[in-house]
Amino acid sequence: PVQGAEVAGAARSRGFFGRLPGAFVYPFRGSGVLILIVATVLFAALNWLSWGCFGIIIQIVIYGYLFSFLQNILHATAVGDEAMPELPGMGNLLEDILLPFLRLLGVVLVSFGPALGLLWYAIANEQPAAGVAMIPAIAFGCLYFPMAFLAVAMLDSVAAVNPLVVIPSILKAPLEYLVTVVLLAVVFGMRALGDAGVDMVFEGSFTTDSMGELILMLVVRSLWAFIAFYLLTAAIRVLGL
């Protein structure tokens with residue numbers, strides 16, 4: 001324990017910017033590659049099962065379990081662990097899936113609630129001005145969400161989404177937080193562009209008569225799913241730092 005505390009203290013002494021490049025190597029440390037592969041396959045399988053009448057239930061399982069996994073990364077980062085944590089269990093449906101999903105839902109609703117409210121008002125009342133006002137509301141949500149997510153994950157309570165917790169936390173390290181938000185935006189932007197690109201290139205490949213085209217599509221989709229999950233893991237490591 002003493003050695004672990006010394007390692008954690010030394011890591012923290014390097015500061016945020018000194019540790020930042022290591023966040024993109026972090027997912028490959030220890031058994032990280034195996035964990036990424038298993039997680040990619042698991043979430044891809046769950047997402048494939050999300051079609052049909054059980055789609056909503058499966059989506060709750062996906063996002064609840066994902067929150068638990070990302071929460072483990074944040075906790076490991078906080079104590080100075082330099083290796084990827086193991087995948088969380090799924091033995092208790094309430095504690096491992098439902099509660100994490102509700103915490104994530106709370107963070108999303110509080111962060112993007114103003115934008116969603118303006119969207120509803122603009123559509124219901126045919127008010128274009130309300131639609132324009134969504135732009136700063138979305139910007140606020142993007143700035144607020146990462147710290148709110150971090151606070152809820154670390155304190156294990158949706159009550160931590162409170163602005164009295166989130167805003168002072170942002171103000172304690174504004175430059176580091178701004179860099180984190182920009183990096184998160186780049187990572188999620190890359191994921192969105194990659195998903196759109198793969199869908200565009202392989203549109204209709206599931207119904208193709210060419211076995212070679214089908215295999216190529218599955219390989220590319222699997223590779224991109226792995227890369228996208230790696231990017232998400234690295235981004236959450238940055239948030240933890």
# chains A, B, ... in the order shown; residues from 1 in each chain; ligands from 1
$ residues_around --residues "stretch 19-26 of chain A" --least-positions-apart "4" --cutoff "12 Å" --atoms "only C-alpha atoms" --output "JSON, numbers by chain"
{"A": [8, 10, 11, 12, 13, 14, 15, 30, 31, 32, 33, 36, 73, 74, 76, 77, 80, 81, 82, 83, 84, 85, 176, 179, 180, 183, 187, 227, 230, 231, 232, 233, 234, 235, 236, 237, 238, 239, 240, 241]}
$ closest_residue --among "A:Glu86, A:Ala115, A:Ser68, A:Ala148" --to "A:Val132" --atoms "only C-alpha atoms"
A:Ala115
$ residues_around --residues "stretch 111-113 of chain A" --least-positions-apart "3" --cutoff "8 Å" --atoms "only C-alpha atoms" --output "PyMOL selection string"
chain A and resi 107-108+116-117+137-138+140-142+144-145+148
$ atom_distance --atom1 "atom CA of A:Met90" --atom2 "atom CA of A:Leu102"
15.9 Å
$ closest_residue --among "A:Ala39, A:Leu105, A:Pro128, A:Phe17" --to "A:Ala228" --atoms "only C-alpha atoms"
A:Ala39
